[in-house]
file coords_29.txt (compact mmCIF, C-alpha atoms)
# COMPACT_ATOMS: atom_id res chain seq x y z
CA MET A 589 0.72 13.58 -16.93
CA LYS A 590 3.02 14.54 -19.76
CA PHE A 591 6.26 12.60 -20.12
CA LEU A 592 9.60 13.42 -21.65
CA ILE A 593 11.47 10.22 -22.46
CA VAL A 594 15.21 10.53 -23.08
CA VAL A 595 16.97 7.71 -24.91
CA GLN A 596 20.74 7.69 -24.57
CA GLY A 597 21.52 4.24 -25.99
CA GLY A 598 21.53 2.96 -29.53
CA PRO A 599 19.53 -0.01 -30.74
CA TYR A 600 20.68 -3.47 -29.71
CA THR A 601 24.14 -2.78 -28.22
CA THR A 602 22.48 -2.09 -24.90
CA GLN A 603 18.91 -2.45 -23.73
CA ALA A 604 18.28 1.29 -23.38
CA SER A 605 16.20 1.72 -26.51
CA LEU A 606 14.12 -1.39 -25.92
CA SER A 607 13.39 -0.40 -22.32
CA ALA A 608 12.50 3.13 -23.38
CA TRP A 609 10.14 1.81 -26.06
CA HIS A 610 8.34 -0.44 -23.57
CA PHE A 611 8.10 2.46 -21.13
CA ALA A 612 6.74 4.77 -23.82
CA ARG A 613 4.04 2.26 -24.72
CA ALA A 614 3.14 1.88 -21.06
CA VAL A 615 2.86 5.66 -20.66
CA LEU A 616 0.24 5.66 -23.39
CA THR A 617 -1.65 2.55 -22.26
CA SER A 618 -1.77 4.05 -18.77
CA GLY A 619 -3.64 7.02 -20.18
CA HIS A 620 -0.81 9.53 -19.92
CA GLU A 621 0.69 11.63 -22.65
CA ILE A 622 4.14 11.67 -24.23
CA TYR A 623 5.35 15.24 -24.59
CA ARG A 624 8.44 14.26 -26.57
CA ILE A 625 10.93 11.45 -27.04
CA PHE A 626 14.46 12.83 -27.26
CA PHE A 627 17.33 10.74 -28.55
CA TYR A 628 20.81 11.80 -27.43
CA HIS A 629 24.30 10.31 -27.41
CA ASP A 630 24.14 6.92 -29.12
CA GLY A 631 20.36 7.12 -28.90
CA VAL A 632 20.40 8.92 -32.24
CA TYR A 633 21.32 5.61 -33.90
CA ASN A 634 17.70 4.51 -33.40
CA ALA A 635 16.80 6.92 -36.20
CA ASN A 636 18.81 4.94 -38.73
CA GLY A 637 16.42 3.88 -41.47
CA LEU A 638 18.96 1.34 -42.70
CA LEU A 639 18.63 -0.91 -39.63
CA SER A 640 18.17 -4.46 -40.94
CA PRO A 641 17.98 -6.84 -38.00
CA PRO A 642 17.28 -10.59 -38.42
CA GLN A 643 13.60 -11.32 -38.93
CA ASP A 644 13.22 -13.04 -35.58
CA GLU A 645 14.43 -9.94 -33.71
CA VAL A 646 12.51 -6.77 -32.96
CA ASP A 647 13.17 -4.02 -35.51
CA LEU A 648 13.68 -1.09 -33.15
CA HIS A 649 13.62 1.57 -35.83
CA GLU A 650 10.31 0.22 -37.06
CA ALA A 651 9.02 -0.12 -33.52
CA TRP A 652 9.72 3.53 -32.77
CA ARG A 653 8.41 4.63 -36.16
CA LEU A 654 5.10 2.83 -35.69
CA LEU A 655 4.68 4.04 -32.12
CA ALA A 656 5.22 7.62 -33.28
CA GLU A 657 2.92 7.40 -36.29
CA GLU A 658 0.10 5.66 -34.46
CA ASN A 659 0.23 8.13 -31.59
CA ASN A 660 1.35 11.32 -33.33
CA LEU A 661 4.57 11.52 -31.32
CA GLU A 662 7.67 13.66 -31.73
CA LEU A 663 10.86 11.60 -32.08
CA VAL A 664 13.60 14.18 -31.87
CA ILE A 665 17.26 13.36 -32.39
CA CYS A 666 19.93 15.85 -31.33
CA VAL A 667 21.61 17.44 -34.34
CA ALA A 668 25.14 17.54 -32.92
CA SER A 669 25.00 13.93 -31.73
CA ALA A 670 23.43 12.87 -35.00
CA LEU A 671 25.93 14.51 -37.31
CA ARG A 672 28.86 13.14 -35.35
CA ARG A 673 27.45 9.63 -35.73
CA GLY A 674 26.40 9.83 -39.37
CA MET A 675 22.68 10.19 -38.80
CA LEU A 676 21.63 12.61 -41.53
CA ASP A 677 18.32 13.49 -43.11
CA GLN A 678 18.22 14.51 -46.76
CA THR A 679 18.79 18.17 -45.94
CA GLU A 680 21.86 17.50 -43.85
CA ALA A 681 23.17 14.95 -46.37
CA SER A 682 23.00 17.62 -49.08
CA ARG A 683 24.56 20.21 -46.78
CA TYR A 684 27.48 17.96 -45.92
CA GLU A 685 27.72 16.52 -49.46
CA LYS A 686 27.10 12.96 -48.30
CA PRO A 687 25.77 10.38 -50.77
CA LEU A 688 22.60 9.68 -48.84
CA GLY A 689 20.55 10.47 -45.79
CA ASN A 690 19.36 7.74 -43.46
CA VAL A 691 16.97 9.65 -41.22
CA GLU A 692 13.35 10.27 -42.15
CA ALA A 693 10.15 11.31 -40.43
CA PRO A 694 8.85 10.67 -37.85
CA PHE A 695 12.43 11.09 -36.64
CA ILE A 696 13.27 14.80 -36.69
CA ILE A 697 16.71 16.31 -36.31
CA SER A 698 16.70 19.25 -33.92
CA GLY A 699 18.66 20.96 -31.19
CA LEU A 700 19.27 20.44 -27.49
CA GLY A 701 16.74 23.15 -26.81
CA GLN A 702 14.10 20.48 -27.43
CA LEU A 703 15.56 18.41 -24.59
CA ILE A 704 15.58 21.35 -22.20
CA ASP A 705 12.10 22.43 -23.30
CA GLY A 706 10.95 18.91 -22.54
CA THR A 707 12.39 18.90 -19.04
CA ILE A 708 10.67 22.24 -18.35
CA ASN A 709 7.27 21.52 -19.86
CA ALA A 710 6.75 17.81 -19.25
CA ASP A 711 5.55 16.68 -15.83
CA ARG A 712 8.01 13.81 -15.66
CA THR A 713 11.30 12.95 -17.34
CA MET A 714 12.54 9.37 -17.63
CA THR A 715 16.00 8.67 -19.02
CA PHE A 716 17.21 5.36 -20.42
CA GLY A 717 20.96 5.11 -20.80
CA SER A 718 23.63 2.65 -21.62
CA MET B 1206 10.88 12.28 -3.59
CA ILE B 1207 13.01 10.54 -6.16
CA LEU B 1208 12.55 7.42 -8.26
CA HIS B 1209 16.02 5.96 -8.74
CA THR B 1210 16.51 3.60 -11.71
CA LEU B 1211 19.46 1.23 -11.86
CA ASN B 1212 20.36 -0.89 -14.87
CA LYS B 1213 23.68 -2.48 -13.88
CA SER B 1214 24.42 -5.70 -12.02
CA PRO B 1215 26.08 -5.54 -8.57
CA ASP B 1216 29.46 -6.14 -10.21
CA HIS B 1217 29.23 -2.52 -11.31
CA PRO B 1218 29.71 0.21 -8.66
CA ALA B 1219 26.40 1.90 -9.55
CA LEU B 1220 24.40 0.16 -6.82
CA ASN B 1221 26.76 1.30 -4.08
CA HIS B 1222 26.85 4.83 -5.48
CA CYS B 1223 23.10 4.94 -5.73
CA ALA B 1224 22.51 3.62 -2.22
CA GLY B 1225 24.31 6.59 -0.70
CA PHE B 1226 21.83 8.95 -2.30
CA ILE B 1227 18.56 7.20 -1.53
CA SER B 1228 16.56 9.01 1.12
CA ASP B 1229 13.42 8.06 3.00
CA GLY B 1230 10.48 8.50 0.67
CA ASP B 1231 12.47 7.53 -2.43
CA CYS B 1232 12.18 4.22 -4.24
CA LEU B 1233 14.51 2.11 -6.36
CA VAL B 1234 13.48 0.48 -9.62
CA LEU B 1235 15.84 -2.19 -10.93
CA ILE B 1236 15.69 -2.56 -14.69
CA GLU B 1237 17.69 -4.42 -17.35
CA ASP B 1238 20.83 -5.91 -15.76
CA GLY B 1239 19.96 -4.06 -12.56
CA VAL B 1240 17.58 -6.90 -11.66
CA TYR B 1241 20.64 -9.01 -10.81
CA CYS B 1242 21.02 -6.76 -7.75
CA ALA B 1243 17.90 -8.41 -6.37
CA VAL B 1244 19.19 -11.96 -6.51
CA THR B 1245 18.93 -13.45 -3.02
CA ASN B 1246 22.04 -12.88 -0.92
CA ASP B 1247 23.88 -11.31 -3.82
CA SER B 1248 24.01 -7.81 -2.42
CA SER B 1249 24.44 -6.55 1.11
CA THR B 1250 23.81 -3.04 -0.21
CA LEU B 1251 20.35 -4.07 -1.33
CA LEU B 1252 19.69 -5.75 1.99
CA ASP B 1253 20.67 -2.53 3.76
CA LEU B 1254 18.16 -0.58 1.66
CA LEU B 1255 15.44 -3.10 2.46
CA LEU B 1256 16.24 -2.79 6.16
CA ARG B 1257 15.76 0.95 5.81
CA GLN B 1258 12.35 0.11 4.28
CA ILE B 1259 13.15 1.67 0.94
CA PRO B 1260 10.72 0.16 -1.59
CA ILE B 1261 12.64 -1.79 -4.23
CA TYR B 1262 11.05 -2.93 -7.46
CA CYS B 1263 12.16 -5.13 -10.35
CA LEU B 1264 10.79 -5.01 -13.87
CA GLN B 1265 9.22 -8.42 -14.32
CA ALA B 1266 10.00 -8.63 -18.03
CA ASP B 1267 13.70 -8.18 -17.26
CA VAL B 1268 13.54 -10.74 -14.44
CA GLU B 1269 11.81 -13.32 -16.62
CA ALA B 1270 14.14 -12.77 -19.56
CA ARG B 1271 17.10 -13.54 -17.31
CA GLY B 1272 15.56 -16.64 -15.70
CA LEU B 1273 15.57 -15.04 -12.26
CA LEU B 1274 11.93 -15.46 -11.20
CA ASN B 1275 12.71 -17.93 -8.42
CA ARG B 1276 16.01 -16.39 -7.38
CA LEU B 1277 15.03 -12.97 -6.11
CA ASN B 1278 14.90 -11.55 -2.62
CA PRO B 1279 11.19 -11.93 -1.72
CA ALA B 1280 11.08 -8.38 -0.34
CA VAL B 1281 11.65 -6.99 -3.83
CA GLN B 1282 8.38 -6.25 -5.65
CA LEU B 1283 7.84 -7.23 -9.27
CA ILE B 1284 6.22 -4.63 -11.49
CA ASP B 1285 5.33 -4.35 -15.14
CA TYR B 1286 6.00 -1.30 -17.29
CA GLU B 1287 2.66 0.24 -16.38
CA GLY B 1288 3.59 -0.16 -12.74
CA PHE B 1289 6.86 1.59 -13.55
CA VAL B 1290 4.91 4.45 -15.10
CA THR B 1291 2.66 4.67 -12.06
CA LEU B 1292 5.66 4.85 -9.74
CA SER B 1293 7.11 7.65 -11.84
CA THR B 1294 3.92 9.65 -11.38
CA GLU B 1295 4.06 9.15 -7.62
CA GLN B 1296 7.63 10.41 -7.28
CA THR B 1297 8.48 14.00 -8.19
CA LYS B 1298 11.56 13.27 -10.29
CA SER B 1299 13.82 10.44 -11.41
CA LYS B 1300 17.52 9.75 -11.40
CA ARG B 1301 19.27 7.22 -13.59
CA TRP B 1302 22.20 5.21 -12.19
CA GLY B 1303 24.63 3.11 -14.19
CA MET C 1034 10.48 23.53 -13.19
CA LYS C 1035 12.70 26.23 -11.73
CA LYS C 1036 16.12 24.65 -11.72
CA LEU C 1037 17.72 21.67 -13.38
CA LEU C 1038 20.64 19.59 -12.10
CA PHE C 1039 22.97 18.02 -14.61
CA VAL C 1040 24.97 15.07 -13.31
CA GLN C 1041 28.28 14.31 -14.96
CA SER C 1042 29.34 10.77 -13.99
CA HIS C 1043 31.83 9.80 -16.67
CA PRO C 1044 35.52 10.66 -16.96
CA PRO C 1045 36.57 12.54 -20.11
CA HIS C 1046 37.69 11.05 -23.41
CA GLY C 1047 36.80 7.41 -22.81
CA SER C 1048 33.28 8.22 -23.98
CA LEU C 1049 31.36 11.18 -25.33
CA PHE C 1050 29.16 11.49 -22.23
CA GLY C 1051 31.25 14.28 -20.74
CA GLN C 1052 31.44 16.40 -23.86
CA GLU C 1053 27.82 15.88 -24.84
CA GLY C 1054 26.77 16.42 -21.23
CA LEU C 1055 28.52 19.77 -21.31
CA ASP C 1056 26.73 20.66 -24.57
CA ALA C 1057 23.45 19.98 -22.79
CA ILE C 1058 24.47 22.13 -19.82
CA LEU C 1059 25.27 25.05 -22.10
CA ALA C 1060 21.95 24.58 -23.90
CA GLY C 1061 20.13 24.42 -20.59
CA SER C 1062 21.72 27.63 -19.37
CA ALA C 1063 19.80 29.55 -22.02
CA PHE C 1064 16.45 28.44 -20.63
CA ILE C 1065 16.62 27.73 -16.94
CA GLU C 1066 18.78 27.93 -13.84
CA CYS C 1067 21.25 25.04 -14.00
CA GLY C 1068 23.49 23.30 -11.54
CA VAL C 1069 26.13 20.67 -12.27
CA LEU C 1070 27.12 17.80 -10.01
CA PHE C 1071 30.37 16.04 -10.87
CA LEU C 1072 29.85 12.59 -9.42
CA GLY C 1073 32.21 9.64 -9.16
CA ASP C 1074 34.63 9.64 -12.08
CA GLY C 1075 32.82 12.70 -13.45
CA ILE C 1076 35.14 14.83 -11.30
CA TYR C 1077 37.99 13.88 -13.65
CA GLN C 1078 36.42 16.08 -16.31
CA LEU C 1079 37.62 19.04 -14.27
CA LEU C 1080 41.19 17.88 -13.79
CA LYS C 1081 43.78 20.46 -14.82
CA GLU C 1082 46.47 19.88 -17.44
CA GLN C 1083 44.55 17.64 -19.80
CA GLN C 1084 46.77 17.40 -22.89
CA THR C 1085 44.82 15.93 -25.77
CA THR C 1086 47.10 16.63 -28.74
CA ALA C 1087 48.73 13.22 -28.93
CA LEU C 1088 45.37 11.50 -28.61
CA ALA C 1089 43.79 13.81 -31.22
CA SER C 1090 40.82 14.17 -28.93
CA LYS C 1091 39.01 17.41 -28.16
CA ASN C 1092 40.03 19.13 -24.93
CA PHE C 1093 36.55 20.21 -23.96
CA SER C 1094 37.58 20.71 -20.32
CA VAL C 1095 38.57 24.29 -21.15
CA SER C 1096 34.90 25.03 -21.82
CA TYR C 1097 34.12 24.52 -18.16
CA GLN C 1098 35.89 27.79 -17.47
CA ALA C 1099 33.20 29.52 -19.53
CA LEU C 1100 30.30 28.15 -17.49
CA GLN C 1101 30.18 31.25 -15.36
CA ASP C 1102 29.77 33.37 -18.52
CA TYR C 1103 26.71 31.25 -19.28
CA GLY C 1104 25.30 31.90 -15.84
CA VAL C 1105 26.05 28.42 -14.55
CA GLU C 1106 27.67 29.00 -11.20
CA SER C 1107 26.32 26.16 -9.07
CA LEU C 1108 28.93 23.43 -9.43
CA PHE C 1109 29.19 20.59 -6.94
CA CYS C 1110 31.29 17.55 -6.20
CA SER C 1111 31.62 14.93 -3.53
CA ALA C 1112 34.21 15.08 -0.75
CA ALA C 1113 34.39 11.29 -0.76
CA ASP C 1114 34.99 11.19 -4.51
CA LEU C 1115 37.88 13.68 -4.21
CA LEU C 1116 39.42 11.73 -1.36
CA ALA C 1117 39.11 8.40 -3.16
CA ARG C 1118 40.95 9.88 -6.14
CA ASN C 1119 43.59 11.73 -4.15
CA LEU C 1120 42.32 15.05 -5.45
CA THR C 1121 41.66 18.47 -3.96
CA VAL C 1122 39.84 21.40 -5.54
CA ALA C 1123 43.27 22.91 -6.25
CA ASP C 1124 43.68 20.21 -8.89
CA LEU C 1125 40.54 21.31 -10.73
CA ILE C 1126 39.94 23.81 -13.52
CA VAL C 1127 37.00 25.37 -11.70
CA THR C 1128 36.07 25.32 -8.03
CA PRO C 1129 32.98 23.27 -7.27
CA THR C 1130 31.37 23.30 -3.86
CA VAL C 1131 32.46 20.16 -2.05
CA LEU C 1132 29.61 18.29 -0.36
CA ASP C 1133 29.40 15.41 2.08
CA ALA C 1134 26.99 12.51 1.66
CA THR C 1135 24.12 14.17 3.51
CA GLU C 1136 24.49 17.37 1.54
CA LEU C 1137 24.63 15.46 -1.75
CA ALA C 1138 21.37 13.67 -1.03
CA ALA C 1139 19.81 17.02 -0.15
CA LEU C 1140 21.13 18.49 -3.39
CA LEU C 1141 19.20 15.96 -5.45
CA ARG C 1142 16.03 16.83 -3.58
CA ASP C 1143 16.63 20.56 -3.92
CA TYR C 1144 16.51 20.61 -7.73
CA ASP C 1145 13.28 20.24 -9.67
CA GLY C 1146 14.71 17.95 -12.32
CA ILE C 1147 17.82 15.84 -12.91
CA LEU C 1148 19.50 15.00 -16.23
CA ASP C 1149 22.16 12.28 -16.07
CA PHE C 1150 25.19 12.04 -18.32
call {"tool": "encode", "arguments": {"input": "coords_29.txt", "output": "C-alpha cells"}}
result
Amino acid sequence: MKFLIVVQGGPYTTQASLSAWHFARAVLTSGHEIYRIFFYHDGVYNANGLLSPPQDEVDLHEAWRLLAEENNLELVICVASALRRGMLDQTEASRYEKPLGNVEAPFIISGLGQLIDGTINADRTMTFGS
Amino acid sequence: MILHTLNKSPDHPALNHCAGFISDGDCLVLIEDGVYCAVTNDSSTLLDLLLRQIPIYCLQADVEARGLLNRLNPAVQLIDYEGFVTLSTEQTKSKRWG
Amino acid sequence: MKKLLFVQSHPPHGSLFGQEGLDAILAGSAFIECGVLFLGDGIYQLLKEQQTTALASKNFSVSYQALQDYGVESLFCSAADLLARNLTVADLIVTPTVLDATELAALLRDYDGILDF
C-alpha cells in the first residue's frame, strides 16, 4: 500500500515528529511504500536545517533527511505554513529579502494541493499531531 | 472501519470524545501520552470500550519509555510500529484524536 | 477517494489550527468533494461577532461564508457540543447540519478519508 504521512507537530516540543518518523520507517520495513510525507502547521519546523540538538539527542532534521535520501522520499512542507514560521528556502529568502534560507532538499516547499493529492492517491493517510 | 489514534492522557478530554465515535469494527491505538489511558483502573471510558470488545492497542515503545510496562490493563495489546502499520492497512481510514 | 471530511476541533485564535484547517478545506475543494465537521470547541470557529481588531489577529471566520462559493456545502456539528456551550445554530455564521451521536459516528464512516485539524 501507498501511505501519505502528515506531520503537524514540530521537532521536540511534542512527540509528533518522532512518532511520524518511526511510523514512516515501519511503513518501509513492512514492505509498503510512502507516497509522500507532508509537513503542515508546526510540522514545517522539521525542515529547519539549523536544528542543533545536544549530541545525545536524536537530530530530527537529520533523521528525516536521511530517511528521505535513502528511500527517495518526498518531504513536502506547506508554503503558507512555512513562510509564516520563517522556514524559507533560498528562493523564498531572496523573494522576501531575508538574509538566509534554512530549508534545503530533500525538504521541498510546496502547496496544500500536495496534501490533498496525497489523500486522494495514497491508499492510507496517517496524521501525527500535537 | 476506522483506526482511531489517541495521543493524550486521560486528563485530556480526547479519550471521552473519541469513545463516542468508536463503532463496532473500529480499533483504538494509543500512542505517545495516550498510553496513559491504558493504565489499570485509570479510565472507566477505556474499560467501557473493552467491554464493547473494541480492540485497544498501545505502542510498546511509548509504554516502555514511560515506565508503564507493568501498569497496563492486561486487555490492552502491545504493538510495535510495524504492528501499527499493519493495523492501518486493515482499517479503511484513520482518525487522529487529541 | 470520492469525498474527504475535514474535522475542525480547535477554537479560533488560540492556535493556528482553525485558520490553517480552513486553508486546507479551500485547497481540498478544488480537487474533491469536501465536508467539514466542527467538533468540540471547533464549533466556536463559527461563532458570530468575532471582533479581532484589538487582538490584532486575523478574523478568518468571515471566510466560512465563502465556503459555498467553493462548493463546500456539507457542514456538520454536534447537537451535544452546541448544548454544552449554550449555543444554537442562530449563533453561527453559517448553518451546519446538527447531528446526534449516532449520526456523527455514521458521518465518519460515510466519508472516504478524514483530515484532522
call {"tool": "interface_residues", "arguments": {"input": "coords_29.txt", "of": "chain B", "to": "chain A", "cutoff": "7 Å", "atoms": "all atoms listed in the file", "output": "MDAnalysis selection string"}}
result
chainID B and resid 1237 1286:1287 1290 1298:1299 1301
call {"tool": "closest_atom_pairs", "arguments": {"input": "coords_29.txt", "of": "chain B", "to": "chain C", "cutoff": "10 Å", "atoms": "all atoms listed in the file", "output": "tab-separated table"}}
result
residue	atom	partner	partner_atom	distance
B:Met1206	CA	C:Arg1142	CA	6.9
B:Ile1207	CA	C:Arg1142	CA	7.4
B:Pro1218	CA	C:Gly1073	CA	9.8
B:Ala1219	CA	C:Gly1073	CA	9.7
B:His1222	CA	C:Gly1073	CA	8.1
B:Gly1225	CA	C:Ala1134	CA	6.9
B:Phe1226	CA	C:Ala1138	CA	4.9
B:Ile1227	CA	C:Ala1138	CA	7.1
B:Ser1228	CA	C:Ala1138	CA	7.0
B:Thr1297	CA	C:Asp1145	CA	8.0
B:Lys1298	CA	C:Gly1146	CA	6.0
B:Ser1299	CA	C:Ile1147	CA	6.9
B:Lys1300	CA	C:Ile1147	CA	6.3
B:Arg1301	CA	C:Asp1149	CA	6.3
B:Trp1302	CA	C:Asp1149	CA	8.1
B:Gly1303	CA	C:Ser1042	CA	9.0
call {"tool": "interface_residues", "arguments": {"input": "coords_29.txt", "of": "chain C", "to": "chain A", "cutoff": "7 Å", "atoms": "all atoms listed in the file", "output": "short mmCIF file (atom, residue, chain, number, x, y, z; two decimals) with C-alpha atoms, in the coordinates of the input"}}
result
data_model
loop_
_atom_site.label_atom_id
_atom_site.label_comp_id
_atom_site.auth_asym_id
_atom_site.auth_seq_id
_atom_site.Cartn_x
_atom_site.Cartn_y
_atom_site.Cartn_z
CA MET C 1034 10.48 23.53 -13.19
CA ALA C 1057 23.45 19.98 -22.79
CA ALA C 1060 21.95 24.58 -23.90
CA GLY C 1061 20.13 24.42 -20.59
#
call {"tool": "atom_distance", "arguments": {"input": "coords_29.txt", "atom1": "CA of Glu658 (chain A)", "atom2": "CA of Glu621 (chain A)"}}
result
13.2 Å
call {"tool": "atom_distance", "arguments": {"input": "coords_29.txt", "atom1": "CA of Gln1041 (chain C)", "atom2": "CA of Gln1078 (chain C)"}}
result
8.4 Å
call {"tool": "residues_around", "arguments": {"input": "coords_29.txt", "residues": "Asn1092 (chain C)", "least_positions_apart": "3", "cutoff": "9 Å", "atoms": "all atoms listed in the file", "output": "NGL selection string"}}
result
:C and (1045-1046 or 1083-1086 or 1095-1096)
call {"tool": "write_last_selection", "arguments": {"input": "coords_29.txt", "atoms": "C-alpha atoms", "output": "mmCIF file, in the frame of the given file"}}
result
data_model
loop_
_atom_site.group_PDB
_atom_site.id
_atom_site.type_symbol
_atom_site.label_atom_id
_atom_site.label_comp_id
_atom_site.auth_asym_id
_atom_site.auth_seq_id
_atom_site.Cartn_x
_atom_site.Cartn_y
_atom_site.Cartn_z
ATOM 1 C CA PRO C 1045 36.570 12.540 -20.110
ATOM 2 C CA HIS C 1046 37.690 11.050 -23.410
ATOM 3 C CA GLN C 1083 44.550 17.640 -19.800
ATOM 4 C CA GLN C 1084 46.770 17.400 -22.890
ATOM 5 C CA THR C 1085 44.820 15.930 -25.770
ATOM 6 C CA THR C 1086 47.100 16.630 -28.740
ATOM 7 C CA VAL C 1095 38.570 24.290 -21.150
ATOM 8 C CA SER C 1096 34.900 25.030 -21.820
#
call {"tool": "residues_around", "arguments": {"input": "coords_29.txt", "residues": "Phe1109 (chain C)", "least_positions_apart": "3", "cutoff": "8 Å", "atoms": "all atoms listed in the file", "output": "compact mmCIF listing (two decimals) with C-alpha atoms, in the frame of the given file"}}
result
# COMPACT_ATOMS: atom_id res chain seq x y z
CA GLY C 1068 23.49 23.30 -11.54
CA VAL C 1069 26.13 20.67 -12.27
CA LEU C 1070 27.12 17.80 -10.01
CA PHE C 1071 30.37 16.04 -10.87
CA PRO C 1129 32.98 23.27 -7.27
CA THR C 1130 31.37 23.30 -3.86
CA VAL C 1131 32.46 20.16 -2.05
CA LEU C 1132 29.61 18.29 -0.36
call {"tool": "residues_around", "arguments": {"input": "coords_29.txt", "residues": "Gly1104 (chain C)", "least_positions_apart": "5", "cutoff": "9 Å", "atoms": "only C-alpha atoms", "output": "count of residues only"}}
result
4
call {"tool": "residues_around", "arguments": {"input": "coords_29.txt", "residues": "region 1255-1266 of chain B", "least_positions_apart": "5", "cutoff": "9 Å", "atoms": "only C-alpha atoms", "output": "PyMOL selection string"}}
result
chain B and resi 1227-1237+1239-1240+1243+1250+1271+1274+1280-1286+1288-1289
call {"tool": "write_last_selection", "arguments": {"input": "coords_29.txt", "atoms": "C-alpha atoms", "output": "short mmCIF file (atom, residue, chain, number, x, y, z; two decimals), in the frame of the given file"}}
result
data_model
loop_
_atom_site.label_atom_id
_atom_site.label_comp_id
_atom_site.auth_asym_id
_atom_site.auth_seq_id
_atom_site.Cartn_x
_atom_site.Cartn_y
_atom_site.Cartn_z
CA ILE B 1227 18.56 7.20 -1.53
CA SER B 1228 16.56 9.01 1.12
CA ASP B 1229 13.42 8.06 3.00
CA GLY B 1230 10.48 8.50 0.67
CA ASP B 1231 12.47 7.53 -2.43
CA CYS B 1232 12.18 4.22 -4.24
CA LEU B 1233 14.51 2.11 -6.36
CA VAL B 1234 13.48 0.48 -9.62
CA LEU B 1235 15.84 -2.19 -10.93
CA ILE B 1236 15.69 -2.56 -14.69
CA GLU B 1237 17.69 -4.42 -17.35
CA GLY B 1239 19.96 -4.06 -12.56
CA VAL B 1240 17.58 -6.90 -11.66
CA ALA B 1243 17.90 -8.41 -6.37
CA THR B 1250 23.81 -3.04 -0.21
CA ARG B 1271 17.10 -13.54 -17.31
CA LEU B 1274 11.93 -15.46 -11.20
CA ALA B 1280 11.08 -8.38 -0.34
CA VAL B 1281 11.65 -6.99 -3.83
CA GLN B 1282 8.38 -6.25 -5.65
CA LEU B 1283 7.84 -7.23 -9.27
CA ILE B 1284 6.22 -4.63 -11.49
CA ASP B 1285 5.33 -4.35 -15.14
CA TYR B 1286 6.00 -1.30 -17.29
CA GLY B 1288 3.59 -0.16 -12.74
CA PHE B 1289 6.86 1.59 -13.55
#
call {"tool": "residues_around", "arguments": {"input": "coords_29.txt", "residues": "Gln678 (chain A)", "least_positions_apart": "5", "cutoff": "8 Å", "atoms": "only C-alpha atoms", "output": "VMD selection string"}}
result
chain A and resid 688 to 692
call {"tool": "axis_aligned_box", "arguments": {"input": "coords_29.txt", "around": "region 691-707 of chain A", "padding_each_side": "6 Å", "output": "JSON"}}
result
{"center_x": 14.1, "center_y": 16.4, "center_z": -30.6, "size_x": 22.4, "size_y": 25.5, "size_z": 35.1}
call {"tool": "closest_residue", "arguments": {"input": "coords_29.txt", "among": "C:Ser1107, C:Leu1120, C:Gln1052, C:Asp1114", "to": "Ser1094 (chain C)", "atoms": "all atoms listed in the file"}}
result
C:Gln1052
call {"tool": "decode", "arguments": {"input": "coords_29.txt", "residues": "region 644-657 of chain A", "atoms": "N, CA and C atoms", "output": "compact mmCIF listing (two decimals), in the first residue's frame"}}
result
# COMPACT_ATOMS: atom_id res chain seq x y z
N ASP A 644 23.51 13.93 22.47
CA ASP A 644 22.92 12.68 22.96
C ASP A 644 21.41 12.63 22.68
N GLU A 645 20.92 13.53 21.83
CA GLU A 645 19.50 13.51 21.46
C GLU A 645 19.38 13.31 19.95
N VAL A 646 18.30 12.69 19.53
CA VAL A 646 18.11 12.44 18.10
C VAL A 646 18.01 13.77 17.36
N ASP A 647 18.69 13.87 16.24
CA ASP A 647 18.61 15.06 15.40
C ASP A 647 17.48 14.81 14.40
N LEU A 648 16.31 15.37 14.66
CA LEU A 648 15.14 15.02 13.85
C LEU A 648 15.25 15.52 12.41
N HIS A 649 15.87 16.64 12.21
CA HIS A 649 16.05 17.12 10.83
C HIS A 649 16.90 16.13 10.06
N GLU A 650 17.98 15.71 10.70
CA GLU A 650 18.89 14.75 10.07
C GLU A 650 18.20 13.40 9.87
N ALA A 651 17.39 13.02 10.84
CA ALA A 651 16.69 11.74 10.74
C ALA A 651 15.76 11.74 9.53
N TRP A 652 15.02 12.81 9.37
CA TRP A 652 14.11 12.90 8.22
C TRP A 652 14.91 12.98 6.92
N ARG A 653 15.99 13.76 6.97
CA ARG A 653 16.78 13.94 5.74
C ARG A 653 17.33 12.60 5.26
N LEU A 654 17.89 11.84 6.19
CA LEU A 654 18.48 10.55 5.82
C LEU A 654 17.42 9.58 5.32
N LEU A 655 16.29 9.55 6.02
CA LEU A 655 15.20 8.65 5.61
C LEU A 655 14.78 8.97 4.17
N ALA A 656 14.68 10.27 3.88
CA ALA A 656 14.24 10.67 2.54
C ALA A 656 15.28 10.33 1.49
N GLU A 657 16.54 10.60 1.80
CA GLU A 657 17.59 10.37 0.80
C GLU A 657 17.82 8.89 0.56
